[in-house]
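S.K.: File final-v4.cif follows (mmCIF, C-alpha atoms and all ligand atoms; chains and numbers go by the auth columns):
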data_input
#
loop_
_atom_site.group_PDB
_atom_site.id
_atom_site.type_symbol
_atom_site.label_atom_id
_atom_site.label_comp_id
_atom_site.label_asym_id
_atom_site.label_seq_id
_atom_site.Cartn_x
_atom_site.Cartn_y
_atom_site.Cartn_z
_atom_site.B_iso_or_equiv
_atom_site.auth_seq_id
_atom_site.auth_asym_id
ATOM 1 C CA MET A 1 -2.809 24.876 45.926 0.00 54 A
ATOM 2 C CA ASP A 2 0.102 25.262 43.558 0.00 55 A
ATOM 3 C CA ASP A 3 -0.569 27.849 40.892 0.00 56 A
ATOM 4 C CA ASN A 4 2.682 27.314 39.024 0.00 57 A
ATOM 5 C CA THR A 5 1.451 24.166 37.323 0.00 58 A
ATOM 6 C CA LYS A 6 -1.364 26.081 35.642 0.00 59 A
ATOM 7 C CA THR A 7 0.796 28.720 33.984 0.00 60 A
ATOM 8 C CA ASP A 8 3.304 26.235 32.578 0.00 61 A
ATOM 9 C CA THR A 9 1.251 24.881 29.706 0.00 62 A
ATOM 10 C CA THR A 10 3.366 26.032 26.766 0.00 63 A
ATOM 11 C CA THR A 11 3.924 23.799 23.771 0.00 64 A
ATOM 12 C CA ASP A 12 6.993 22.069 25.082 0.00 65 A
ATOM 13 C CA THR A 13 5.392 18.699 24.633 0.00 66 A
ATOM 14 C CA ALA A 14 5.993 18.210 20.894 0.00 67 A
ATOM 15 C CA GLU A 15 8.323 15.274 20.638 0.00 68 A
ATOM 16 C CA SER A 16 11.044 15.449 18.063 0.00 69 A
ATOM 17 C CA LEU A 17 10.659 12.556 15.663 0.00 70 A
ATOM 18 C CA THR A 18 14.256 11.830 14.886 0.00 71 A
ATOM 19 C CA THR A 19 14.107 8.231 13.802 0.00 72 A
ATOM 20 C CA THR A 20 16.872 7.104 11.495 0.00 73 A
ATOM 21 C CA ALA A 21 15.247 3.765 10.721 0.00 74 A
ATOM 22 C CA PRO A 22 13.242 3.484 7.514 0.00 75 A
ATOM 23 C CA LYS A 23 9.654 4.540 7.686 0.00 76 A
ATOM 24 C CA VAL A 24 7.659 1.557 8.842 0.00 77 A
ATOM 25 C CA PRO A 25 4.107 1.881 10.033 0.00 78 A
ATOM 26 C CA ASP A 26 3.928 0.705 13.640 0.00 79 A
ATOM 27 C CA GLU A 27 1.222 -1.788 12.853 0.00 80 A
ATOM 28 C CA TYR A 28 3.680 -3.600 10.557 0.00 81 A
ATOM 29 C CA LYS A 29 6.749 -3.216 12.698 0.00 82 A
ATOM 30 C CA ASP A 30 5.089 -4.691 15.756 0.00 83 A
ATOM 31 C CA LYS A 31 4.237 -7.966 14.122 0.00 84 A
ATOM 32 C CA LEU A 32 7.599 -8.631 12.485 0.00 85 A
ATOM 33 C CA THR A 33 10.403 -10.567 14.100 0.00 86 A
ATOM 34 C CA GLU A 34 13.813 -8.939 14.166 0.00 87 A
ATOM 35 C CA GLU A 35 14.954 -11.183 11.310 0.00 88 A
ATOM 36 C CA GLN A 36 11.943 -10.296 9.219 0.00 89 A
ATOM 37 C CA TYR A 37 12.476 -6.617 9.904 0.00 90 A
ATOM 38 C CA ASN A 38 16.132 -6.865 8.859 0.00 91 A
ATOM 39 C CA ILE A 39 15.171 -8.386 5.529 0.00 92 A
ATOM 40 C CA CYS A 40 12.118 -6.336 4.732 0.00 93 A
ATOM 41 C CA PHE A 41 13.236 -2.898 5.833 0.00 94 A
ATOM 42 C CA LEU A 42 17.014 -3.033 6.135 0.00 95 A
ATOM 43 C CA LYS A 43 17.312 -5.017 2.898 0.00 96 A
ATOM 44 C CA GLY A 44 19.039 -7.969 4.479 0.00 97 A
ATOM 45 C CA THR A 45 19.401 -11.436 3.009 0.00 98 A
ATOM 46 C CA GLU A 46 18.803 -14.681 4.833 0.00 99 A
ATOM 47 C CA PRO A 47 21.605 -17.283 4.625 0.00 100 A
ATOM 48 C CA PRO A 48 21.129 -19.699 1.694 0.00 101 A
ATOM 49 C CA PHE A 49 19.267 -22.933 2.498 0.00 102 A
ATOM 50 C CA SER A 50 18.107 -21.434 5.803 0.00 103 A
ATOM 51 C CA GLY A 51 14.656 -20.346 4.687 0.00 104 A
ATOM 52 C CA LYS A 52 11.625 -22.447 5.400 0.00 105 A
ATOM 53 C CA TYR A 53 10.205 -22.114 1.884 0.00 106 A
ATOM 54 C CA THR A 54 13.282 -23.037 -0.132 0.00 107 A
ATOM 55 C CA ASP A 55 12.133 -26.643 -0.484 0.00 108 A
ATOM 56 C CA ASN A 56 8.442 -26.059 -0.091 0.00 109 A
ATOM 57 C CA HIS A 57 6.592 -27.892 -2.882 0.00 110 A
ATOM 58 C CA GLU A 58 3.061 -27.416 -1.602 0.00 111 A
ATOM 59 C CA GLU A 59 0.456 -25.717 -3.712 0.00 112 A
ATOM 60 C CA GLY A 60 -0.545 -22.309 -2.541 0.00 113 A
ATOM 61 C CA VAL A 61 0.202 -18.621 -2.520 0.00 114 A
ATOM 62 C CA TYR A 62 3.080 -16.673 -1.027 0.00 115 A
ATOM 63 C CA TYR A 63 1.985 -13.424 0.575 0.00 116 A
ATOM 64 C CA CYS A 64 3.982 -10.409 1.714 0.00 117 A
ATOM 65 C CA VAL A 65 4.840 -11.108 5.346 0.00 118 A
ATOM 66 C CA VAL A 66 4.413 -7.428 6.138 0.00 119 A
ATOM 67 C CA CYS A 67 1.150 -6.383 4.516 0.00 120 A
ATOM 68 C CA GLY A 68 -0.406 -9.611 3.225 0.00 121 A
ATOM 69 C CA GLN A 69 -0.392 -8.769 -0.464 0.00 122 A
ATOM 70 C CA PRO A 70 -0.248 -11.892 -2.691 0.00 123 A
ATOM 71 C CA LEU A 71 3.178 -11.937 -4.342 0.00 124 A
ATOM 72 C CA PHE A 72 4.037 -15.331 -5.787 0.00 125 A
ATOM 73 C CA SER A 73 2.238 -18.545 -6.604 0.00 126 A
ATOM 74 C CA SER A 74 3.512 -22.089 -6.169 0.00 127 A
ATOM 75 C CA THR A 75 2.758 -22.631 -9.868 0.00 128 A
ATOM 76 C CA THR A 76 5.720 -20.421 -10.842 0.00 129 A
ATOM 77 C CA LYS A 77 8.111 -21.715 -8.179 0.00 130 A
ATOM 78 C CA PHE A 78 11.061 -23.733 -9.391 0.00 131 A
ATOM 79 C CA ASP A 79 14.116 -25.345 -7.882 0.00 132 A
ATOM 80 C CA SER A 80 16.981 -22.992 -8.645 0.00 133 A
ATOM 81 C CA GLN A 81 19.499 -24.775 -6.382 0.00 134 A
ATOM 82 C CA THR A 82 20.523 -21.389 -5.038 0.00 135 A
ATOM 83 C CA GLY A 83 19.196 -21.893 -1.517 0.00 136 A
ATOM 84 C CA TRP A 84 16.409 -19.361 -1.774 0.00 137 A
ATOM 85 C CA PRO A 85 12.812 -19.753 -2.910 0.00 138 A
ATOM 86 C CA SER A 86 12.788 -18.947 -6.617 0.00 139 A
ATOM 87 C CA PHE A 87 9.965 -18.015 -8.941 0.00 140 A
ATOM 88 C CA TYR A 88 9.921 -17.206 -12.634 0.00 141 A
ATOM 89 C CA GLU A 89 7.014 -14.813 -12.392 0.00 142 A
ATOM 90 C CA GLU A 90 5.082 -12.763 -9.860 0.00 143 A
ATOM 91 C CA ALA A 91 1.561 -13.856 -8.952 0.00 144 A
ATOM 92 C CA GLN A 92 0.048 -10.797 -10.531 0.00 145 A
ATOM 93 C CA LYS A 93 1.626 -8.056 -12.610 0.00 146 A
ATOM 94 C CA GLY A 94 2.138 -4.931 -10.564 0.00 147 A
ATOM 95 C CA ASN A 95 2.236 -6.648 -7.188 0.00 148 A
ATOM 96 C CA VAL A 96 5.972 -6.156 -6.943 0.00 149 A
ATOM 97 C CA LYS A 97 8.119 -3.195 -7.882 0.00 150 A
ATOM 98 C CA PHE A 98 11.752 -2.951 -8.854 0.00 151 A
ATOM 99 C CA ALA A 99 14.752 -0.774 -8.143 0.00 152 A
ATOM 100 C CA GLU A 100 18.352 -0.804 -9.225 0.00 153 A
ATOM 101 C CA ASP A 101 20.623 -2.068 -6.486 0.00 154 A
ATOM 102 C CA ASN A 102 24.330 -1.404 -6.872 0.00 155 A
ATOM 103 C CA SER A 103 25.396 -2.517 -3.418 0.00 156 A
ATOM 104 C CA PHE A 104 28.204 -5.046 -2.860 0.00 157 A
ATOM 105 C CA PHE A 105 29.784 -4.031 -6.202 0.00 158 A
ATOM 106 C CA MET A 106 27.066 -5.845 -8.064 0.00 159 A
ATOM 107 C CA LYS A 107 24.447 -4.579 -10.406 0.00 160 A
ATOM 108 C CA ARG A 108 21.222 -6.202 -9.332 0.00 161 A
ATOM 109 C CA ILE A 109 17.537 -5.504 -9.543 0.00 162 A
ATOM 110 C CA GLU A 110 15.868 -5.331 -6.186 0.00 163 A
ATOM 111 C CA VAL A 111 12.331 -6.688 -5.805 0.00 164 A
ATOM 112 C CA MET A 112 9.944 -5.034 -3.370 0.00 165 A
ATOM 113 C CA CYS A 113 6.311 -5.393 -2.402 0.00 166 A
ATOM 114 C CA ASN A 114 4.432 -2.795 -4.377 0.00 167 A
ATOM 115 C CA ASN A 115 1.976 -2.230 -1.570 0.00 168 A
ATOM 116 C CA CYS A 116 4.145 -1.656 1.489 0.00 169 A
ATOM 117 C CA GLY A 117 7.626 -1.341 -0.022 0.00 170 A
ATOM 118 C CA ALA A 118 9.102 -4.291 1.865 0.00 171 A
ATOM 119 C CA HIS A 119 12.331 -5.645 0.406 0.00 172 A
ATOM 120 C CA LEU A 120 11.783 -9.186 -0.870 0.00 173 A
ATOM 121 C CA GLY A 121 14.911 -10.147 -2.775 0.00 174 A
ATOM 122 C CA HIS A 122 16.310 -9.724 -6.283 0.00 175 A
ATOM 123 C CA VAL A 123 15.406 -10.698 -9.815 0.00 176 A
ATOM 124 C CA PHE A 124 17.899 -12.103 -12.320 0.00 177 A
ATOM 125 C CA ASP A 125 17.788 -12.888 -16.025 0.00 178 A
ATOM 126 C CA ASP A 126 18.826 -16.526 -15.806 0.00 179 A
ATOM 127 C CA GLY A 127 15.479 -18.119 -14.962 0.00 180 A
ATOM 128 C CA PRO A 128 13.522 -20.722 -16.894 0.00 181 A
ATOM 129 C CA GLN A 129 11.056 -20.059 -19.686 0.00 182 A
ATOM 130 C CA PRO A 130 8.532 -18.644 -20.364 0.00 183 A
ATOM 131 C CA SER A 131 9.803 -15.511 -18.615 0.00 184 A
ATOM 132 C CA GLY A 132 13.535 -16.193 -18.344 0.00 185 A
ATOM 133 C CA LYS A 133 13.405 -14.454 -14.975 0.00 186 A
ATOM 134 C CA ARG A 134 14.535 -15.762 -11.644 0.00 187 A
ATOM 135 C CA TYR A 135 12.989 -14.057 -8.652 0.00 188 A
ATOM 136 C CA CYS A 136 15.280 -14.907 -5.779 0.00 189 A
ATOM 137 C CA ILE A 137 13.204 -14.220 -2.684 0.00 190 A
ATOM 138 C CA ASN A 138 13.853 -14.459 1.038 0.00 191 A
ATOM 139 C CA SER A 139 11.592 -16.918 2.853 0.00 192 A
ATOM 140 C CA LEU A 140 11.446 -14.485 5.731 0.00 193 A
ATOM 141 C CA ALA A 141 9.731 -11.902 3.538 0.00 194 A
ATOM 142 C CA LEU A 142 6.984 -14.350 2.632 0.00 195 A
ATOM 143 C CA ASN A 143 4.009 -15.935 4.305 0.00 196 A
ATOM 144 C CA PHE A 144 2.846 -19.076 2.560 0.00 197 A
ATOM 145 C CA ILE A 145 -0.738 -20.203 2.743 0.00 198 A
ATOM 146 C CA PRO A 146 -1.420 -23.672 1.326 0.00 199 A
ATOM 147 C CA LYS A 147 -4.270 -23.977 -1.124 0.00 200 A
ATOM 148 C CA GLU A 148 -6.396 -26.332 1.013 0.00 201 A
ATOM 149 C CA LYS A 149 -6.104 -24.108 4.039 0.00 202 A
ATOM 150 C CA LYS A 150 -7.219 -21.099 2.030 0.00 203 A
ATOM 151 C CA GLU A 151 -10.326 -22.953 0.901 0.00 204 A
ATOM 152 C CA GLU A 152 -11.056 -23.912 4.485 0.00 205 A
ATOM 153 C CA ILE A 153 -10.856 -20.270 5.508 0.00 206 A
ATOM 154 C CA LYS A 154 -13.231 -19.301 2.727 0.00 207 A
ATOM 155 C CA GLU A 155 -15.775 -21.903 3.763 0.00 208 A
ATOM 156 C CA LEU A 156 -15.789 -20.682 7.322 0.00 209 A
ATOM 157 C CA LYS A 157 -16.780 -17.195 6.272 0.00 210 A
HETATM 158 ZN ZN ZN B . 3.836 -5.781 1.438 0.00 301 A
#
Please express what this file holds, its structure, as structure tokens.
Ligand SMILES: [Zn+2]
M.R.:
Amino acid sequence: MDDNTKTDTTTDTAESLTTTAPKVPDEYKDKLTEEQYNICFLKGTEPPFSGKYTDNHEEGVYYCVVCGQPLFSSTTKFDSQTGWPSFYEEAQKGNVKFAEDNSFFMKRIEVMCNNCGAHLGHVFDDGPQPSGKRYCINSLALNFIPKEKKEEIKELK
């Protein structure tokens, strides 16, 4: 028998957690694609007219792709011609939060999910009435669920 293995049980096992990436709970990180991760946690932007929801005119709700919080409704979506899904209002007050973003020599207001902190896009002051706001949001940060499908899910429960 080897006795050395018994004596060597000091606390050398604590792993140093030196991650430079933003704090993302593993449960979220695992289910995101690399593109989604780049947008939501590295504050990337998808190329204009590349997103799958830019021309989506179906009725339904847009949820946070990371945590599933409802963010925007199709009733406030409008065609901004910018190449990104655009809304003039959030689905519910307080579901998104804002931060000043001075990157790329621009002064913009960043829009984030208020629940998980995922970066969604930016908000501008040139939107239509009644709000005058234009939420310019990345498709990749959203998960759209059409109205009919939602009702189907409810009925199954
Ligand atoms: Zn979220």
S.K.: Can you pull out every residue within 8 Å of range 160-166 of chain A, counting all atoms listed in the file, but drop anything in the same chain fewer than 6 positions away, and send it as a count of residues only?
M.R.: 17
S.K.: Could you check the closest approach to ligand ZN 301 (chain A) for each of A:Asn155, A:Pro123, A:Glu99, A:Lys130 and tell me which residue wins, using all atoms listed in the file?
M.R.: A:Pro123
S.K.: Please measure the separation of CA of Asn91 in chain A and CA of Glu111 in chain A, giving the value in Å to one decimal.
M.R.: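 Result for CA of Asn91 in chain A versus CA of Glu111 in chain A: 26.5 Å, one decimal.
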S.K.: Once the PyMOL selection byres (((not hetatm)) within 7 of (chain A and resi 301)) has been evaluated on this model, what residues remain selected, and can you format them as a PyMOL selection string?
M.R.: chain A and resi 117-122+166-171
S.K.: Is it possible to get the axis-aligned box enclosing range 162-173 of chain A (all listed atoms, 8 Å extra per side) as AutoDock Vina command-line options, with centre and edge lengths in Å rounded to one decimal?
M.R.:
--center_x 9.8 --center_y -5.3 --center_z -3.8 --size_x 31.6 --size_y 23.8 --size_z 27.4
S.K.: Can you tell me, as a PyMOL selection string, what residues are no more than 10 Å from Pro100 in chain A when counting all atoms listed in the file, ignoring any on the same chain fewer than 3 positions away?
M.R.: chain A and resi 97+103-104+136-137+191
